[in-house]
Amino acid sequence: MSGGAVVVGGGLAGTLAVAALLGHVETVTVVERDRYPERPIFRKGVPQGRHLHVFLSGGQQALEKLLPGAGAELRVAGAHSMEMPRDVLTRSPGGWHRRRHEGRHTLLSCTRPLFDATVRARVLAKAAGTGTQVELLEATEAVGLLGGADRVTGVRVRSRDAGRAERDIPADLVIDASGRGSRAPKWLAELGRPAPREEIVDAGIGYVTQMFRPDAPMDAAVVLQPRPDLPRGAAWSPVEGGNWLLTLSGVRGQHPPTDGAAVLDFVASVDEPLLHTHLTAARPLSPPYGFRETSNRRRHYDAPGGVPEGFVVVSDAACTFNPIYGQGMSVAALGALALRDTLADGGLRPGFAAAAQRAVARAGDTAWLTAVGADRPYAEDADATPPGAAERLQTWYFGRLADRATHDPVVGAAFRDVTCLAAPPSRLLTPAVALRTVLLPRRPGPASIPLRVEDAAG
Ligand SMILES: Cc1cc2nc3c(=O)[nH]c(=O)nc-3n(C[C@H](O)[C@H](O)[C@H](O)COP(=O)(O)OP(=O)(O)OC[C@H]3O[C@@H](n4cnc5c(N)ncnc54)[C@H](O)[C@@H]3O)c2cc1C
């Protein structure tokens with residue numbers, strides 16, 4: 001164990017990066033712009049924190065490897081663990097997924113502040129036994145990198161308290177976990193390095209979330225995915241304390257309203273009367289909050305020469321996803337695990353930053369492929385060339401597969417393995433799945449919401 005690291009941003013990804021560093025470096029300094037609240041409540045540095053945040057099973061598995069017992073602790077704190085597809089009623093463009101016990105994946109649902117506070121407390125508790133000293137510098141903002149074009153040697157920080165004093169913190173490794181507003185491209189340019197190549201696929205999704213207390217809670221969450229003839233969606237999911245979050249979404253021109261009086265009209269328009277009736281009897285506990293920056297955006301720090309020695313960019317700072325697929329936090333956990341594994345494989349060594357950056361990027365590949373694949377038809381791209389034969393074949397195959405997944409147990413299991421980020425996309429091409437997808441008839445799922453759980457023979 002040697003050296004010191006600075007983590008810029010003490011949100012979820014920064015906290016998980018600390019977990020990855022424990023036992024590998026002597027000191028970790030977390031530079032966080034906000035002050036952490038005493039209780040798990042919203043804070044400005046995580047503006048998306050009022051919106052529904054579900055945690056996929058691929059992320060849960062990674063979290064468990066980094067912080068054994070964290071999943072159980074989240075459930076004790078009030079997070080709901082829902083089995084898929086049994087407890088998450090999902091209407092896809094190909095109809096409803098049949099409601100049955102599959103026993104492969106769960107979805108964890110709680111408010112974002114509770115999630116972050118629980119994970120942070122667990123990381124700090126774990127640090128005590130590892131020999132790594134962790135310091136939290138709250139109300140402190142990173143404003144630039146130290147070093148030169150070939151090597152980053154620390155960060156310059158500014159206090160957010162009166163006086164706004166600046167100082168330099170030297171480090172052997174700097175991890176940028178400052179989220180979607182990361183200024184790493186500018187900081188690297190100041191060191192004389194080119195900005196990373198950036199890919200953007202933007203479906204133009206607008207998001208609105210409101211908290212409710214239902215009259216009589218449903219026994220399952222509900223997810224209504226947008227589809228070409230109805231490019232609007234809704235999700236209704238339990239969180240801690242007996243409350244539920246309603247998240248509405250719509251592509252460009254179909255954005256949900258942030259005016260409380262109009263929310264129920266939008267719910268009526270997503271064409272699921274049962275959800276509308278249920279919400280009519282629920283008590284709103286918050287105003288509806290909006291969010292507009294929902295594009296898939298990937299900065300290729302993993303390309304050759306993408307990062308100097310001593311600098312790694314993780315999670316939203318490197319790659320953001322359309323939130324309707326609920327992937328970002330899981331990718332943060334998978335990326336932290338990749339960081340830990342790269343550290344375990346020889347510690348901080350020449351070439352470490354590039355190797356870690358590649359591993360972190362690979363950890364997000366499945367999420368990127370699935371989100372971008374689904375969003376491409378909605379993205380506005382004036383320069384887009386018409387799809388070639390290979391892309392048309394891919395669209396044909398995945399369209400059939402997604403429809404069969406609604407009711408076919410073999411295809412459905414593979415579909416969930418991939419969309420829950422627990423298996424790579426190649427899982428969708430295994431012989432059993434491919435044969436059923438191609439040879440069996442393309443049949444949509446049930447047309448109406450499945451209220452009863454099917455028995456095992458169903
Ligand atoms: C509307 C919406 C809904 C979402 N829903 C889901 C979901 O259901 N499931 C899911 O898995 N993901 C979801 N996501 C994605 C998820 O929010 C992100 O992937 C996740 O928050 C990434 O964590 P992060 O730590 O990288 O960034 P953040 O959580 O944004 O944290 C960044 C931290 O860095 C700090 N910071 C920023 N700049 C500086 C600086 N210069 N110096 C010091 N500190 C700084 C901030 O204060 C903050 O604490 C959603 C996103 C949005 C926008």
# chains A, B, ... in the order shown; residues from 1 in each chain; ligands from 1

$ residues_around --residues "stretch 21-29 of chain A" --least-positions-apart "6" --cutoff "12 Å" --atoms "only C-alpha atoms" --output "ChimeraX atom specification"
/A:1-10,14-15,66-67,123-138,140,142,154-155,157,169-175,336-349

$ write_last_selection --atoms "C-alpha atoms" --output "short mmCIF file (atom, residue, chain, number, x, y, z; two decimals), in the first residue's frame"
data_model
loop_
_atom_site.label_atom_id
_atom_site.label_comp_id
_atom_site.auth_asym_id
_atom_site.auth_seq_id
_atom_site.Cartn_x
_atom_site.Cartn_y
_atom_site.Cartn_z
CA MET A 1 0.00 0.00 0.00
CA SER A 2 1.50 3.34 -1.00
CA GLY A 3 0.66 6.84 -2.16
CA GLY A 4 -2.24 9.22 -1.80
CA ALA A 5 -5.36 9.74 -3.90
CA VAL A 6 -7.76 12.64 -4.30
CA VAL A 7 -11.35 11.96 -5.34
CA VAL A 8 -13.10 14.98 -6.87
CA GLY A 9 -16.82 14.76 -6.01
CA GLY A 10 -18.19 12.91 -3.01
CA GLY A 14 -16.83 9.26 -5.59
CA THR A 15 -17.88 7.30 -2.51
CA LEU A 66 -17.19 -3.80 -2.94
CA LEU A 67 -19.16 -3.48 0.28
CA VAL A 123 -17.67 3.07 3.18
CA LEU A 124 -16.49 5.26 6.05
CA ALA A 125 -17.08 2.42 8.52
CA LYS A 126 -15.16 0.00 6.30
CA ALA A 127 -12.25 2.44 5.92
CA ALA A 128 -11.52 2.22 9.63
CA GLY A 129 -10.28 -1.34 9.34
CA THR A 130 -8.19 -1.04 6.18
CA GLY A 131 -5.28 1.21 7.12
CA THR A 132 -6.32 3.79 4.49
CA GLN A 133 -6.98 7.18 6.01
CA VAL A 134 -10.01 8.90 4.46
CA GLU A 135 -10.52 12.66 4.78
CA LEU A 136 -13.72 14.41 3.62
CA LEU A 137 -13.15 18.01 2.55
CA GLU A 138 -16.70 19.38 2.44
CA THR A 140 -14.59 22.60 -1.14
CA ALA A 142 -11.87 21.41 -7.25
CA GLY A 154 -2.76 16.81 -7.67
CA VAL A 155 -5.68 19.24 -7.65
CA VAL A 157 -9.19 23.44 -4.61
CA ILE A 169 -3.38 19.14 -2.77
CA PRO A 170 -0.66 16.87 -4.16
CA ALA A 171 -1.67 13.32 -5.08
CA ASP A 172 -0.35 10.24 -6.86
CA LEU A 173 -3.81 9.62 -8.30
CA VAL A 174 -6.71 11.99 -8.97
CA ILE A 175 -10.13 10.50 -9.71
CA ALA A 336 -15.70 1.13 -9.05
CA LEU A 337 -15.31 -2.64 -9.06
CA ALA A 338 -13.27 -2.39 -12.27
CA LEU A 339 -11.11 0.27 -10.61
CA ARG A 340 -10.54 -1.97 -7.58
CA ASP A 341 -9.62 -4.94 -9.78
CA THR A 342 -7.11 -2.84 -11.74
CA LEU A 343 -5.56 -1.66 -8.47
CA ALA A 344 -5.39 -5.23 -7.19
CA ASP A 345 -3.47 -6.14 -10.34
CA GLY A 346 -0.22 -4.32 -9.47
CA GLY A 347 -1.30 -1.17 -7.61
CA LEU A 348 -0.44 2.35 -8.76
CA ARG A 349 2.14 1.69 -11.46
#

$ select_by_dssp --residues "stretch 38-174 of chain A" --states "strand (DSSP E)" --output "ChimeraX atom specification"
/A:53-55,80-84,88-92,95-96,105-110,133-137,140-147,152-159,166-170,173-174

$ residues_near_ligand --ligand "ligand 1" --cutoff "7 Å" --atoms "only C-alpha atoms and all ligand atoms" --output "ChimeraX atom specification"
/A:8-14,31-34,44-46,48-49,51-56,140-143,177-182,207,291,293-294,314-317,320-321,323-330,332

$ atom_distance --atom1 "atom CA of A:Asp271" --atom2 "atom CA of A:Asn322"
22.6 Å

$ atom_distance --atom1 "atom CA of A:Arg160" --atom2 "atom CA of A:Tyr36"
13.5 Å

$ select_by_dssp --residues "stretch 177-408 of chain A" --states "helix (DSSP H, G or I)" --output "ChimeraX atom specification"
/A:179-181,184-190,240-242,260-269,273-280,315-317,323-325,328-344,352-363,365-378,389-405

$ residues_around --residues "stretch 99-109 of chain A" --least-positions-apart "3" --cutoff "9 Å" --atoms "only C-alpha atoms" --output "PyMOL selection string"
chain A and resi 52-58+60+71+74-75+78-90+96+112+115+237-240+407+409+413+416-417+420+422+450-456+458

$ write_last_selection --atoms "N, CA and C atoms" --output "compact mmCIF listing (two decimals), in the first residue's frame"
# COMPACT_ATOMS: atom_id res chain seq x y z
N LEU A 52 -36.81 9.52 -9.26
CA LEU A 52 -36.79 8.10 -8.95
C LEU A 52 -35.44 7.50 -9.36
N HIS A 53 -34.81 6.78 -8.45
CA HIS A 53 -33.53 6.11 -8.74
C HIS A 53 -33.65 4.63 -8.35
N VAL A 54 -33.75 3.77 -9.35
CA VAL A 54 -33.78 2.34 -9.05
C VAL A 54 -32.39 1.77 -9.29
N PHE A 55 -32.10 0.68 -8.58
CA PHE A 55 -30.75 0.10 -8.64
C PHE A 55 -30.88 -1.32 -9.17
N LEU A 56 -30.24 -1.58 -10.32
CA LEU A 56 -30.40 -2.86 -11.01
C LEU A 56 -29.58 -3.96 -10.35
N SER A 57 -29.91 -5.22 -10.68
CA SER A 57 -29.21 -6.31 -9.99
C SER A 57 -27.74 -6.39 -10.37
N GLY A 58 -27.37 -5.99 -11.60
CA GLY A 58 -25.95 -5.96 -11.95
C GLY A 58 -25.19 -5.01 -11.03
N GLN A 60 -26.26 -4.15 -8.00
CA GLN A 60 -26.30 -4.73 -6.64
C GLN A 60 -25.18 -5.74 -6.44
N GLY A 71 -26.38 -4.19 0.48
CA GLY A 71 -27.75 -4.37 -0.01
C GLY A 71 -28.71 -4.58 1.17
N LEU A 74 -29.31 -1.37 2.97
CA LEU A 74 -30.24 -0.49 2.26
C LEU A 74 -31.68 -0.94 2.51
N ARG A 75 -31.89 -2.25 2.52
CA ARG A 75 -33.26 -2.75 2.76
C ARG A 75 -33.70 -2.43 4.19
N GLY A 78 -34.93 0.95 4.51
CA GLY A 78 -36.24 1.24 3.93
C GLY A 78 -36.36 1.04 2.44
N ALA A 79 -35.25 0.63 1.78
CA ALA A 79 -35.33 0.39 0.33
C ALA A 79 -36.20 -0.84 0.07
N HIS A 80 -36.96 -0.79 -1.02
CA HIS A 80 -37.80 -1.92 -1.41
C HIS A 80 -37.04 -2.78 -2.41
N SER A 81 -37.06 -4.08 -2.18
CA SER A 81 -36.43 -5.00 -3.12
C SER A 81 -37.56 -5.70 -3.87
N MET A 82 -37.60 -5.50 -5.19
CA MET A 82 -38.73 -6.03 -5.97
C MET A 82 -38.22 -7.03 -6.99
N GLU A 83 -38.86 -8.19 -7.00
CA GLU A 83 -38.41 -9.19 -7.95
C GLU A 83 -38.96 -8.91 -9.34
N MET A 84 -38.11 -9.16 -10.34
CA MET A 84 -38.53 -8.92 -11.73
C MET A 84 -38.74 -10.25 -12.44
N PRO A 85 -39.81 -10.41 -13.21
CA PRO A 85 -40.84 -9.41 -13.52
C PRO A 85 -42.02 -9.40 -12.54
N ARG A 86 -41.95 -10.24 -11.48
CA ARG A 86 -43.14 -10.42 -10.63
C ARG A 86 -43.62 -9.12 -9.99
N ASP A 87 -42.69 -8.30 -9.48
CA ASP A 87 -43.09 -7.13 -8.69
C ASP A 87 -42.90 -5.80 -9.44
N VAL A 88 -42.57 -5.89 -10.70
CA VAL A 88 -42.39 -4.65 -11.50
C VAL A 88 -43.20 -4.85 -12.78
N LEU A 89 -44.42 -4.36 -12.79
CA LEU A 89 -45.31 -4.58 -13.94
C LEU A 89 -44.86 -3.65 -15.07
N THR A 90 -44.42 -4.26 -16.15
CA THR A 90 -43.77 -3.47 -17.20
C THR A 90 -44.52 -3.59 -18.52
N TRP A 96 -47.40 -6.06 -22.35
CA TRP A 96 -47.02 -6.24 -20.93
C TRP A 96 -46.15 -7.48 -20.77
N ARG A 112 -32.93 8.77 -3.56
CA ARG A 112 -31.50 8.90 -3.82
C ARG A 112 -30.73 9.36 -2.57
N PHE A 115 -30.11 6.39 -0.40
CA PHE A 115 -29.13 5.48 -1.02
C PHE A 115 -27.71 6.00 -0.76
N SER A 237 -43.14 3.85 -8.26
CA SER A 237 -42.34 2.90 -7.49
C SER A 237 -42.30 3.30 -6.01
N PRO A 238 -42.32 2.28 -5.12
CA PRO A 238 -42.29 2.60 -3.68
C PRO A 238 -40.89 3.03 -3.24
N VAL A 239 -40.83 3.94 -2.28
CA VAL A 239 -39.57 4.31 -1.64
C VAL A 239 -39.77 4.17 -0.13
N GLU A 240 -38.80 4.56 0.66
CA GLU A 240 -38.91 4.38 2.11
C GLU A 240 -40.04 5.23 2.71
N HIS A 407 -43.17 -12.65 -22.92
CA HIS A 407 -43.91 -13.86 -22.49
C HIS A 407 -43.10 -15.14 -22.54
N PRO A 409 -40.25 -17.54 -21.43
CA PRO A 409 -39.38 -17.59 -20.25
C PRO A 409 -37.89 -17.62 -20.58
N ALA A 413 -35.68 -14.33 -19.68
CA ALA A 413 -34.60 -14.40 -18.69
C ALA A 413 -33.33 -13.77 -19.26
N ARG A 416 -33.67 -9.93 -19.44
CA ARG A 416 -33.49 -9.28 -18.13
C ARG A 416 -32.04 -9.38 -17.66
N ASP A 417 -31.37 -10.49 -17.95
CA ASP A 417 -29.94 -10.59 -17.57
C ASP A 417 -29.17 -9.40 -18.14
N CYS A 420 -30.62 -5.79 -16.94
CA CYS A 420 -30.28 -5.54 -15.51
C CYS A 420 -28.77 -5.44 -15.32
N ALA A 422 -26.46 -7.60 -15.72
CA ALA A 422 -25.83 -8.76 -15.06
C ALA A 422 -25.16 -9.68 -16.07
N PRO A 450 -51.13 -7.07 -15.96
CA PRO A 450 -51.28 -8.37 -15.28
C PRO A 450 -51.32 -8.17 -13.77
N LEU A 451 -52.51 -8.20 -13.20
CA LEU A 451 -52.63 -7.90 -11.77
C LEU A 451 -52.30 -9.10 -10.90
N ARG A 452 -52.53 -10.30 -11.43
CA ARG A 452 -52.27 -11.50 -10.63
C ARG A 452 -50.94 -12.13 -11.02
N VAL A 453 -50.24 -12.68 -10.01
CA VAL A 453 -49.00 -13.42 -10.28
C VAL A 453 -49.41 -14.78 -10.84
N GLU A 454 -48.78 -15.16 -11.97
CA GLU A 454 -49.10 -16.48 -12.55
C GLU A 454 -48.53 -17.57 -11.66
N ASP A 455 -49.19 -18.71 -11.60
CA ASP A 455 -48.57 -19.79 -10.84
C ASP A 455 -47.46 -20.39 -11.69
N ALA A 456 -46.64 -21.23 -11.06
CA ALA A 456 -45.42 -21.72 -11.71
C ALA A 456 -45.71 -22.37 -13.05
N GLY A 458 -48.02 -21.46 -15.11
CA GLY A 458 -48.74 -20.54 -15.97
C GLY A 458 -48.13 -20.11 -17.25

$ closest_residue --among "A:Leu429, A:Ile449, A:Ala361, A:Ala374" --to "A:Arg227" --atoms "only C-alpha atoms"
A:Ala374

$ closest_residue --among "A:Asp302, A:Asp365, A:Glu391, A:Glu380" --to "A:Ser426" --atoms "only C-alpha atoms"
A:Asp365

$ atom_distance --atom1 "atom CA of A:Ala17" --atom2 "atom CA of A:Ala363"
13.8 Å

$ residues_around --residues "stretch 211-223 of chain A" --least-positions-apart "3" --cutoff "9 Å" --atoms "only C-alpha atoms" --output "VMD selection string"
chain A and resid 50 to 51 82 86 to 92 233 to 238 242 to 247 275 278 to 279 281 to 288 451

$ residues_around --residues "A:Pro350" --least-positions-apart "5" --cutoff "12 Å" --atoms "only C-alpha atoms" --output "ChimeraX atom specification"
/A:150-151,172-173,308-311,343,355-356

$ closest_residue --among "A:Trp396, A:Tyr378, A:Tyr301, A:Tyr289" --to "A:Thr209" --atoms "only C-alpha atoms"
A:Tyr289

$ residues_around --residues "A:Leu114" --least-positions-apart "2" --cutoff "8 Å" --atoms "only C-alpha atoms" --output "list in words"
Pro40, Ile41, Ala77, Cys110, Thr111, Arg112, Asp116, Ala117 and Thr118 of chain A
